[in-house]
Every structure is written in structure tokens, then in C-alpha cells.
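Source file: my_file.csv; contents: CSV, C-alpha atoms.
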```csv
chain,number,residue,atom,x,y,z
A,1,MET,CA,276.2,165.5,49.6
A,2,LYS,CA,273.0,166.1,47.6
A,3,ILE,CA,269.8,167.3,49.4
A,4,THR,CA,266.4,167.6,47.9
A,5,VAL,CA,263.5,169.6,49.4
A,6,ILE,CA,260.0,168.7,48.1
A,7,GLY,CA,257.7,171.7,48.3
A,8,ALA,CA,258.9,175.2,47.5
A,9,GLY,CA,256.5,176.9,49.8
A,10,ASN,CA,257.5,178.8,52.9
A,11,VAL,CA,258.8,175.8,54.9
A,12,GLY,CA,260.6,174.2,52.0
A,13,ALA,CA,262.1,177.3,50.6
A,14,THR,CA,263.3,178.5,54.0
A,15,THR,CA,264.8,175.1,54.7
A,16,ALA,CA,266.6,175.1,51.4
A,17,GLN,CA,268.0,178.6,52.0
A,18,ARG,CA,269.4,177.5,55.4
A,19,ILE,CA,271.1,174.5,53.8
A,20,VAL,CA,272.6,176.6,51.0
A,21,ASP,CA,273.7,179.4,53.3
A,22,LYS,CA,275.5,177.0,55.7
A,23,GLN,CA,276.9,174.9,52.8
A,24,LEU,CA,275.7,171.6,54.1
A,25,ALA,CA,275.5,170.1,50.6
A,26,ASN,CA,277.2,170.3,47.2
A,27,GLU,CA,273.8,170.5,45.5
A,28,VAL,CA,270.3,171.4,46.7
A,29,VAL,CA,267.3,170.6,44.6
A,30,LEU,CA,264.0,172.3,45.2
A,31,VAL,CA,260.9,170.6,43.7
A,32,ASP,CA,257.3,171.8,43.4
A,33,VAL,CA,254.3,171.2,41.1
A,34,LEU,CA,253.9,174.9,40.4
A,35,ASP,CA,255.6,175.8,37.2
A,36,GLY,CA,258.3,178.4,37.6
A,37,ILE,CA,258.2,178.6,41.4
A,38,PRO,CA,261.0,176.2,42.3
A,39,GLN,CA,263.0,177.4,39.3
A,40,GLY,CA,262.7,181.1,40.3
A,41,LYS,CA,263.4,180.5,44.0
A,42,ALA,CA,266.3,178.2,43.3
A,43,LEU,CA,267.9,180.8,41.0
A,44,ASP,CA,267.4,183.5,43.5
A,45,MET,CA,269.1,181.4,46.2
A,46,TYR,CA,271.9,180.5,43.8
A,47,GLU,CA,272.6,184.2,43.1
A,48,ALA,CA,272.9,184.7,46.9
A,49,THR,CA,275.7,182.2,47.2
A,50,PRO,CA,278.5,184.6,46.1
A,51,VAL,CA,277.5,187.0,48.8
A,52,GLU,CA,277.2,184.1,51.4
A,53,LYS,CA,280.5,182.6,50.0
A,54,SER,CA,278.6,179.3,49.9
A,55,ASP,CA,279.7,177.1,47.0
A,56,VAL,CA,276.5,175.2,46.5
A,57,LYS,CA,274.6,174.5,43.3
A,58,VAL,CA,270.9,175.1,43.6
A,59,VAL,CA,268.4,173.6,41.1
A,60,GLY,CA,264.7,174.1,40.8
A,61,SER,CA,262.5,171.5,39.1
A,62,ASN,CA,258.9,170.4,38.6
A,63,GLY,CA,260.0,166.8,38.1
A,64,TYR,CA,262.0,164.2,40.0
A,65,GLU,CA,264.8,163.4,37.6
A,66,ALA,CA,266.9,166.3,39.0
A,67,THR,CA,266.6,164.7,42.5
A,68,SER,CA,268.4,161.5,41.4
A,69,GLY,CA,271.1,160.3,43.8
A,70,SER,CA,269.9,162.5,46.8
A,71,ASP,CA,271.3,161.6,50.1
A,72,ILE,CA,268.6,163.3,52.1
A,73,VAL,CA,265.1,164.2,51.0
A,74,VAL,CA,262.9,166.6,53.0
A,75,ILE,CA,259.1,166.4,52.3
A,76,THR,CA,257.3,169.6,53.1
A,77,ALA,CA,254.7,169.2,50.3
A,78,GLY,CA,251.0,169.4,51.3
A,79,VAL,CA,248.1,171.7,51.9
A,80,PRO,CA,248.9,174.2,54.7
A,81,ARG,CA,246.6,174.8,57.6
A,82,LYS,CA,244.1,177.6,57.7
A,83,PRO,CA,242.4,179.2,60.8
A,84,GLY,CA,240.1,176.7,62.4
A,85,MET,CA,241.7,173.7,60.7
A,86,SER,CA,243.4,171.1,62.7
A,87,ARG,CA,246.4,169.0,61.5
A,88,ASP,CA,244.1,166.1,61.4
A,89,ASP,CA,241.8,167.9,58.9
A,90,LEU,CA,244.7,167.7,56.4
A,91,LEU,CA,244.9,163.9,56.6
A,92,LYS,CA,243.2,162.7,53.4
A,93,THR,CA,244.6,165.4,51.2
A,94,ASN,CA,248.1,165.2,52.4
A,95,TYR,CA,248.0,161.4,52.5
A,96,ASN,CA,247.7,161.3,48.7
A,97,ILE,CA,250.4,164.0,48.2
A,98,VAL,CA,252.9,162.4,50.5
A,99,LYS,CA,252.4,158.9,49.1
A,100,SER,CA,252.9,160.1,45.6
A,101,VAL,CA,255.9,162.2,46.4
A,102,THR,CA,257.6,159.4,48.4
A,103,GLU,CA,257.2,156.9,45.6
A,104,GLN,CA,258.7,159.3,43.1
A,105,VAL,CA,261.5,160.3,45.4
A,106,VAL,CA,262.6,156.7,46.1
A,107,SER,CA,262.4,155.8,42.4
A,108,GLN,CA,265.3,158.3,41.9
A,109,SER,CA,267.1,157.9,45.3
A,110,PRO,CA,266.5,154.4,46.6
A,111,ASN,CA,268.7,154.7,49.6
A,112,CYS,CA,268.0,158.2,50.8
A,113,ILE,CA,267.1,159.4,54.3
A,114,ILE,CA,263.6,161.0,54.3
A,115,ILE,CA,262.7,163.7,56.8
A,116,VAL,CA,258.9,164.3,56.9
A,117,VAL,CA,257.5,167.7,57.7
A,118,SER,CA,254.0,167.5,56.1
A,119,ASN,CA,251.1,167.4,58.6
A,120,PRO,CA,249.6,165.6,60.3
A,121,LEU,CA,253.3,164.7,60.8
A,122,ASP,CA,253.2,161.4,62.7
A,123,ALA,CA,250.7,159.9,60.4
A,124,MET,CA,252.5,161.1,57.3
A,125,CYS,CA,255.7,159.4,58.6
A,126,HIS,CA,253.8,156.1,58.4
A,127,VAL,CA,252.7,156.9,54.8
A,128,ALA,CA,256.3,157.7,53.8
A,129,LEU,CA,257.6,154.5,55.5
A,130,ARG,CA,255.1,152.3,53.7
A,131,ALA,CA,255.4,154.0,50.3
A,132,SER,CA,259.2,154.1,50.4
A,133,GLY,CA,260.0,150.5,51.6
A,134,LEU,CA,263.0,152.0,53.4
A,135,PRO,CA,264.2,150.8,56.8
A,136,ASP,CA,262.4,152.8,59.5
A,137,ARG,CA,265.7,154.4,60.7
A,138,GLN,CA,265.8,156.2,57.4
A,139,VAL,CA,262.3,157.7,57.6
A,140,ILE,CA,262.1,160.4,60.4
A,141,GLY,CA,259.7,163.1,61.3
A,142,MET,CA,260.5,166.6,62.3
A,143,ALA,CA,258.4,167.5,65.4
A,144,GLY,CA,260.1,167.3,68.7
A,145,ILE,CA,262.8,169.8,67.9
A,146,LEU,CA,260.2,172.4,67.0
A,147,ASP,CA,257.9,171.6,69.9
A,148,SER,CA,260.8,171.7,72.4
A,149,ALA,CA,262.0,175.0,70.9
A,150,ARG,CA,258.6,176.5,71.4
A,151,PHE,CA,258.5,175.4,75.0
A,152,ARG,CA,262.1,176.8,75.5
A,153,THR,CA,261.0,180.1,74.0
A,154,PHE,CA,258.0,180.4,76.3
A,155,ILE,CA,260.0,179.4,79.4
A,156,ALA,CA,262.7,182.0,78.6
A,157,LEU,CA,260.1,184.7,78.0
A,158,ASP,CA,258.4,183.9,81.3
A,159,LEU,CA,261.6,184.0,83.3
A,160,GLY,CA,263.3,186.8,81.4
A,161,VAL,CA,266.4,184.7,80.7
A,162,SER,CA,268.4,183.8,77.6
A,163,VAL,CA,267.0,181.0,75.5
A,164,ARG,CA,270.6,179.6,75.5
A,165,ASN,CA,270.1,178.7,79.2
A,166,VAL,CA,266.9,176.8,78.6
A,167,ASP,CA,266.6,173.1,77.7
A,168,ALA,CA,263.2,171.4,77.4
A,169,VAL,CA,261.8,168.0,76.8
A,170,VAL,CA,258.6,167.5,74.8
A,171,LEU,CA,257.5,164.0,73.8
A,172,GLY,CA,254.6,162.4,71.9
A,173,GLY,CA,252.7,163.2,68.7
A,174,HIS,CA,253.0,166.6,67.0
A,175,GLY,CA,249.6,168.0,67.9
A,176,ASP,CA,247.2,168.6,70.8
A,177,THR,CA,248.4,165.5,72.7
A,178,MET,CA,252.1,166.3,72.8
A,179,VAL,CA,253.6,165.9,76.2
A,180,PRO,CA,255.9,168.6,77.7
A,181,ILE,CA,257.9,167.2,80.6
A,182,PRO,CA,258.5,170.1,83.0
A,183,ARG,CA,260.4,167.8,85.5
A,184,LEU,CA,263.2,167.3,82.8
A,185,SER,CA,263.1,170.9,81.4
A,186,THR,CA,265.8,173.1,82.9
A,187,VAL,CA,267.2,176.6,83.1
A,188,ALA,CA,271.0,176.6,83.6
A,189,GLY,CA,270.5,173.0,84.9
A,190,VAL,CA,267.8,173.8,87.4
A,191,PRO,CA,264.4,172.1,86.8
A,192,ILE,CA,261.7,174.7,85.9
A,193,THR,CA,259.5,173.0,88.6
A,194,GLU,CA,261.8,174.8,91.1
A,195,LEU,CA,261.6,178.2,89.3
A,196,ILE,CA,258.0,178.5,88.0
A,197,PRO,CA,254.7,177.8,89.8
A,198,ALA,CA,252.9,174.7,88.7
A,199,GLU,CA,249.9,176.6,87.4
A,200,ARG,CA,252.1,178.9,85.3
A,201,ILE,CA,253.9,175.8,83.9
A,202,ASP,CA,250.6,174.5,82.8
A,203,VAL,CA,249.9,177.7,80.9
A,204,LEU,CA,253.3,177.5,79.2
A,205,ALA,CA,252.7,173.8,78.3
A,206,ALA,CA,249.3,174.6,76.8
A,207,ARG,CA,250.8,177.5,74.7
A,208,THR,CA,253.4,175.0,73.5
A,209,ARG,CA,250.7,172.5,72.4
A,210,ASN,CA,248.9,175.3,70.6
A,211,GLY,CA,252.1,177.0,69.3
A,212,GLY,CA,251.3,176.3,65.6
A,213,THR,CA,247.7,177.2,66.0
A,214,GLU,CA,248.7,180.6,67.5
A,215,ILE,CA,250.8,181.4,64.5
A,216,VAL,CA,248.1,180.3,62.0
A,217,GLY,CA,245.7,182.6,63.8
A,218,HIS,CA,248.1,185.6,63.3
A,219,LEU,CA,249.0,184.8,59.7
A,220,LYS,CA,245.4,183.9,58.6
A,221,SER,CA,246.6,181.7,55.8
A,222,GLY,CA,249.4,179.2,56.1
A,223,GLY,CA,251.4,178.3,59.2
A,224,ALA,CA,254.8,178.6,60.8
A,225,TYR,CA,257.9,178.2,58.7
A,226,TYR,CA,260.9,179.9,60.2
A,227,ALA,CA,261.0,177.7,63.3
A,228,PRO,CA,260.1,174.5,61.4
A,229,ALA,CA,262.8,175.2,58.9
A,230,ALA,CA,265.4,175.7,61.7
A,231,ALA,CA,264.3,172.4,63.2
A,232,VAL,CA,264.7,170.5,59.9
A,233,PHE,CA,268.1,172.2,59.5
A,234,GLU,CA,269.3,170.9,62.8
A,235,MET,CA,268.3,167.4,61.9
A,236,ILE,CA,270.1,167.6,58.5
A,237,ARG,CA,273.2,168.9,60.1
A,238,ALA,CA,273.3,166.0,62.6
A,239,ILE,CA,273.0,163.6,59.7
A,240,VAL,CA,275.4,165.3,57.3
A,241,GLN,CA,278.1,165.8,60.0
A,242,ASP,CA,277.4,162.4,61.6
A,243,GLU,CA,277.1,164.2,65.0
A,244,LYS,CA,275.5,161.4,66.9
A,245,LYS,CA,273.4,164.1,68.5
A,246,ILE,CA,270.5,163.4,70.8
A,247,LEU,CA,267.5,165.2,69.3
A,248,PRO,CA,263.7,164.8,69.8
A,249,CYS,CA,262.3,163.4,66.5
A,250,ALA,CA,259.4,161.3,65.4
A,251,ALA,CA,260.7,157.8,65.1
A,252,LEU,CA,259.1,154.4,64.8
A,253,LEU,CA,259.1,152.7,68.2
A,254,HIS,CA,259.7,148.9,68.7
A,255,GLY,CA,258.6,148.5,72.3
A,256,GLU,CA,260.5,151.5,73.7
A,257,TYR,CA,258.4,153.3,76.4
A,258,GLY,CA,256.0,150.4,76.0
A,259,ILE,CA,254.9,151.5,72.5
A,260,ASP,CA,255.2,149.4,69.4
A,261,GLY,CA,254.7,150.2,65.7
A,262,ILE,CA,253.9,153.8,66.1
A,263,TYR,CA,255.8,157.0,65.1
A,264,VAL,CA,256.0,159.2,68.1
A,265,GLY,CA,258.3,162.0,69.3
A,266,VAL,CA,261.2,160.7,71.4
A,267,PRO,CA,264.9,161.5,71.9
A,268,VAL,CA,267.0,159.7,69.3
A,269,VAL,CA,270.7,159.6,68.4
A,270,LEU,CA,270.8,161.1,65.0
A,271,GLY,CA,273.8,160.4,62.7
A,272,ALA,CA,274.8,159.5,59.2
A,273,ASN,CA,272.6,156.4,59.2
A,274,GLY,CA,269.5,158.3,60.3
A,275,VAL,CA,268.0,157.2,63.7
A,276,GLU,CA,270.9,155.2,65.2
A,277,ARG,CA,269.4,154.7,68.6
A,278,ILE,CA,266.2,155.6,70.5
A,279,VAL,CA,267.0,157.0,73.9
A,280,GLU,CA,264.8,155.8,76.8
A,281,PHE,CA,264.7,157.5,80.1
A,282,LYS,CA,262.5,156.8,83.1
A,283,LEU,CA,259.1,158.5,83.1
A,284,SER,CA,256.7,158.9,86.0
A,285,GLN,CA,253.5,157.0,85.7
A,286,ALA,CA,251.6,160.1,84.8
A,287,GLU,CA,254.1,161.1,82.1
A,288,LEU,CA,254.1,157.6,80.6
A,289,ALA,CA,250.3,157.5,80.6
A,290,ALA,CA,250.2,160.9,78.8
A,291,LEU,CA,252.8,159.6,76.2
A,292,HIS,CA,250.7,156.4,75.7
A,293,GLU,CA,247.6,158.6,75.2
A,294,SER,CA,249.5,160.6,72.6
A,295,ALA,CA,250.7,157.5,70.8
A,296,GLU,CA,247.1,156.2,70.7
A,297,ALA,CA,246.0,159.4,69.0
A,298,VAL,CA,248.7,158.8,66.4
A,299,ARG,CA,247.5,155.2,66.1
A,300,LEU,CA,244.0,156.2,65.3
A,301,LEU,CA,245.2,158.5,62.5
A,302,ARG,CA,247.6,155.8,61.2
A,303,ASP,CA,244.8,153.3,61.0
A,304,LYS,CA,242.9,155.7,58.7
A,305,VAL,CA,245.8,155.8,56.2
A,306,THR,CA,246.3,152.5,54.5
A,307,LEU,CA,248.2,151.9,51.2
```
Conversion result in C-alpha cells:
Amino acid sequence: MKITVIGAGNVGATTAQRIVDKQLANEVVLVDVLDGIPQGKALDMYEATPVEKSDVKVVGSNGYEATSGSDIVVITAGVPRKPGMSRDDLLKTNYNIVKSVTEQVVSQSPNCIIIVVSNPLDAMCHVALRASGLPDRQVIGMAGILDSARFRTFIALDLGVSVRNVDAVVLGGHGDTMVPIPRLSTVAGVPITELIPAERIDVLAARTRNGGTEIVGHLKSGGAYYAPAAAVFEMIRAIVQDEKKILPCAALLHGEYGIDGIYVGVPVVLGANGVERIVEFKLSQAELAALHESAEAVRLLRDKVTL
């Protein structure tokens, strides 16, 4: 198994480190346009492998030849958000970056699975799909795992319970229109609607929608990377180990939930072939309307990015 991470910034480097530490690949390649950065970080990770007892080769490169034959490629490249900047503000700049990266990646690894992390994520999935020419099951966006993890964290904090007891469902685009589903979010199997007042749930849902913005506000430059990297890692593990695990990911819908031709966060079965199945469950009219509103926001962005 060979895994390439494009972008040696905080998200990319942290993702690569998790893969190496857990020995999910025989080789990890870290690529970045900045001379010396991927080489230095890769060597540093490689020198940690004896301590971690992880027998993984780590390579840093400014070009794409070293990525040849990759099974999975993670695209984190792009301009990070700054305070006051929305994910949508990144559209034009990151469109050009993701398009170029994808074309170069696929020229070296024509049958890879691509995991998109660059923002605005759902729109960048469309860019990667079009630029790659790959089947849509092999182009997946990381969003729902991160959004759900944030909702789970805030629920656990509010109730003073272990995060291990909390499951949460968050659907839709990765942004202000994401759709937390309290009715299907549980603590030890009990819906949070029975444990937390409705007005408090609204506060937690709003904090989830603004989870990335909150972190950007603290950091002042750049955004979250520990949690996004953990989310990417969970996707990679499901693919590498063919877990057939149900995870919320950005996937291209073909009529599921009444949505067609749009990347949006939904539960999928993730395995060795990428998205092996989209899981549909019954939503209330209000929940479905909110999901459609989120999909429409993604559609507006998608229509702005044409190859």
C-alpha cells in the first residue's frame, strides 16, 4: 500500500504522521511546492519510525514522480482560511490548485482513490472528479466525520459524559449549511432530544456549524488540523483494511435523498473500492428540506467551477 499526501502544511503533515505511526502503508509520500519542506518533514517522520516501531518508508518531494503507483492520494493543498474568511472565499484560488494537483496525481496513479480535504470541500470534490476522470466512487470528500466529531465533542462537554458514549449524525455540505440531526444523535443509545433541552441543542448545533471558524478565530492564521487529520485517517483505515465501515463522507449522489449530481455529506459504506454504497435513512420533512438547502448551496458553488 502506497499513500500520497499532497500539501505538507499542518493538515497534510499531521495526516501523514498518523498514517506512518499506525503503519497503514508501506510507503508514504509527502508532496509540497515549497522546496525543502516536504523533504524535511518526511525525514523527520522517517526518523521517528524506529521509536514507533513502524516499518514505513517516508519520502518528501516537490514533484509528482515519487507518487507513482499510489493507491490512495489525499489532497490537502490550498490556501488556508484566515479570520473573517469563509470557505467560499477560497473558491477561485483553491480551484486552480486542486485542478492542477489532481491532473498531476492521476498522471502518475491512474487508478488511485482520492480523498479531498481542500476547502470549500464539496466544490473541490467536483473539481477533483472532473479533473481526474475517475469513477465517482473513487473521489471522496472528508467532511462528515469531522463535523460529526465536533458535534459529539460538544454534546459530551454539555452533558459531562465520555465522548465514547456519544454518536452523532451530521449531513450536508461542509459549511454553514451543514445539517446536524439531533433526533439520530445519541448518548449510550438514548437520543439527545430526551437528554438536552431543544434550545440548548440549537446552541450545540450552531457551534458545530461554526466549529472551524471558532478555531480560526483562536489561531489567527490557518485553521484546524488535528481533528481533520484524524478524520482523514479514519477514512484511510476503512479503505486500506476494507472495513465496509459506515462513515459520513462527501459523496456524489445519484438520486439518493432526492438529490442528483451533487457532492454532499451522507453516510456511506467505505471499503477497498472507495464508496461502495450510499446509506439512505428516512428523514423528517424538515430534515430533508434542510439537506436540500445545503445541497443547493453546494450546487451554486459547483456551478462557479467549470473546467
Spatial neighbours of stretch 148-161 of chain A, max dist 8 Å, all atoms listed in the file, sep filter under 2 positions, as a PDB file with C-alpha atoms, in the coordinates of the input:
```
ATOM      1  CA  GLY A 144     260.100 167.300  68.700  1.00  0.00           C
ATOM      2  CA  ILE A 145     262.800 169.800  67.900  1.00  0.00           C
ATOM      3  CA  LEU A 146     260.200 172.400  67.000  1.00  0.00           C
ATOM      4  CA  VAL A 163     267.000 181.000  75.500  1.00  0.00           C
ATOM      5  CA  ASN A 165     270.100 178.700  79.200  1.00  0.00           C
ATOM      6  CA  VAL A 166     266.900 176.800  78.600  1.00  0.00           C
ATOM      7  CA  ASP A 167     266.600 173.100  77.700  1.00  0.00           C
ATOM      8  CA  ALA A 168     263.200 171.400  77.400  1.00  0.00           C
ATOM      9  CA  VAL A 169     261.800 168.000  76.800  1.00  0.00           C
ATOM     10  CA  VAL A 170     258.600 167.500  74.800  1.00  0.00           C
ATOM     11  CA  PRO A 180     255.900 168.600  77.700  1.00  0.00           C
ATOM     12  CA  LEU A 204     253.300 177.500  79.200  1.00  0.00           C
ATOM     13  CA  ALA A 205     252.700 173.800  78.300  1.00  0.00           C
ATOM     14  CA  ARG A 207     250.800 177.500  74.700  1.00  0.00           C
ATOM     15  CA  THR A 208     253.400 175.000  73.500  1.00  0.00           C
ATOM     16  CA  GLY A 211     252.100 177.000  69.300  1.00  0.00           C
ATOM     17  CA  PRO A 248     263.700 164.800  69.800  1.00  0.00           C
TER      18      PRO A 248
END
```
How close does each residue of stretch 56-76 of chain A get to stretch 116-124 of chain A, giving the shortest atom pair and distance in Å to one decimal for every residue with an atom at most 9 Å away, counting only C-alpha atoms, sorted by chain and residue number, as a Markdown table?
```
| residue | atom | partner | partner_atom | distance |
| --- | --- | --- | --- | --- |
| A:Val73 | CA | A:Val116 | CA | 8.6 |
| A:Val74 | CA | A:Val116 | CA | 6.0 |
| A:Ile75 | CA | A:Val116 | CA | 5.1 |
| A:Thr76 | CA | A:Ser118 | CA | 4.9 |
```
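Considering all atoms listed in the file, the residue among A:Val79, A:Gly223, A:Arg237, A:Ile6 positioned nearest to A:Val20 is A:Arg237.
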Computed gap from atom CA of A:Ala16 to atom CA of A:Val29 is 8.2 Å
Q. Got a sec: who's within 6 Å of A:Cys249, counting only C-alpha atoms, leaving out chain neighbours fewer than 4 positions off, as a PyMOL selection string?
A. chain A and resi 141-144+265-266
For A:Gly69, the closest of A:Asp44, A:Asp147, A:Asp32, A:Glu27 counting all atoms listed in the file is A:Glu27
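Reported to one decimal place, the separation of atom CA of A:Gly173 from atom CA of A:Ala250 is 7.7 Å.
Taking atom CA of A:Glu214 as the reference point, atom CA of A:Thr15 is found at 21.3 Å.
Take the candidates A:Ile192, A:Leu301, A:Arg137, A:Gly212 and check each one against A:Leu270 using all atoms listed in the file; the shortest distance goes to A:Arg137.
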If you count only C-alpha atoms, the residue of A:Leu43, A:Ala206, A:Val298, A:Leu134 closest to A:Asn111 turns out to be A:Leu134
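Distances here use all atoms listed in the file; by that measure, the residue among A:Val187, A:Ile114, A:Ile181, A:Val305 closest to A:Asp202 is A:Ile181.
Considering only C-alpha atoms, the residue among A:Ile201, A:Ile72, A:Ile113, A:Ile19 positioned nearest to A:Glu52 is A:Ile19.
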Within 10 Å of A:Glu103 using all atoms listed in the file, minus same-chain residues under 6 positions, as a short mmCIF file (atom, residue, chain, number, x, y, z; two decimals) with C-alpha atoms, keeping the file's coordinate frame:
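Saved the output as selection15.cif:
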```cif
data_model
loop_
_atom_site.label_atom_id
_atom_site.label_comp_id
_atom_site.auth_asym_id
_atom_site.auth_seq_id
_atom_site.Cartn_x
_atom_site.Cartn_y
_atom_site.Cartn_z
CA SER A 109 267.10 157.90 45.30
CA PRO A 110 266.50 154.40 46.60
CA ALA A 128 256.30 157.70 53.80
CA ARG A 130 255.10 152.30 53.70
CA ALA A 131 255.40 154.00 50.30
CA SER A 132 259.20 154.10 50.40
CA GLY A 133 260.00 150.50 51.60
#
```
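Taking all atoms listed in the file, the non-local environment of A:Asn94 within 7 Å (same-chain residues fewer than 3 positions away omitted) comprises A:Gly78, A:Val79, A:Leu90, A:Leu91, A:Ile97, A:Val98.
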Determine, counting all atoms listed in the file, which protein, DNA and RNA residues have an atom within 12 Å of an atom of A:Ala289; residues of the same chain fewer than 5 positions away are not included. Present the result as a tab-separated table (two decimals) with C-alpha atoms, keeping the file's coordinate frame.
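Saved file out.tsv follows:
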```
chain	number	residue	atom	x	y	z
A	171	LEU	CA	257.50	164.00	73.80
A	172	GLY	CA	254.60	162.40	71.90
A	177	THR	CA	248.40	165.50	72.70
A	178	MET	CA	252.10	166.30	72.80
A	179	VAL	CA	253.60	165.90	76.20
A	257	TYR	CA	258.40	153.30	76.40
A	258	GLY	CA	256.00	150.40	76.00
A	259	ILE	CA	254.90	151.50	72.50
A	283	LEU	CA	259.10	158.50	83.10
A	284	SER	CA	256.70	158.90	86.00
A	294	SER	CA	249.50	160.60	72.60
A	295	ALA	CA	250.70	157.50	70.80
A	296	GLU	CA	247.10	156.20	70.70
```
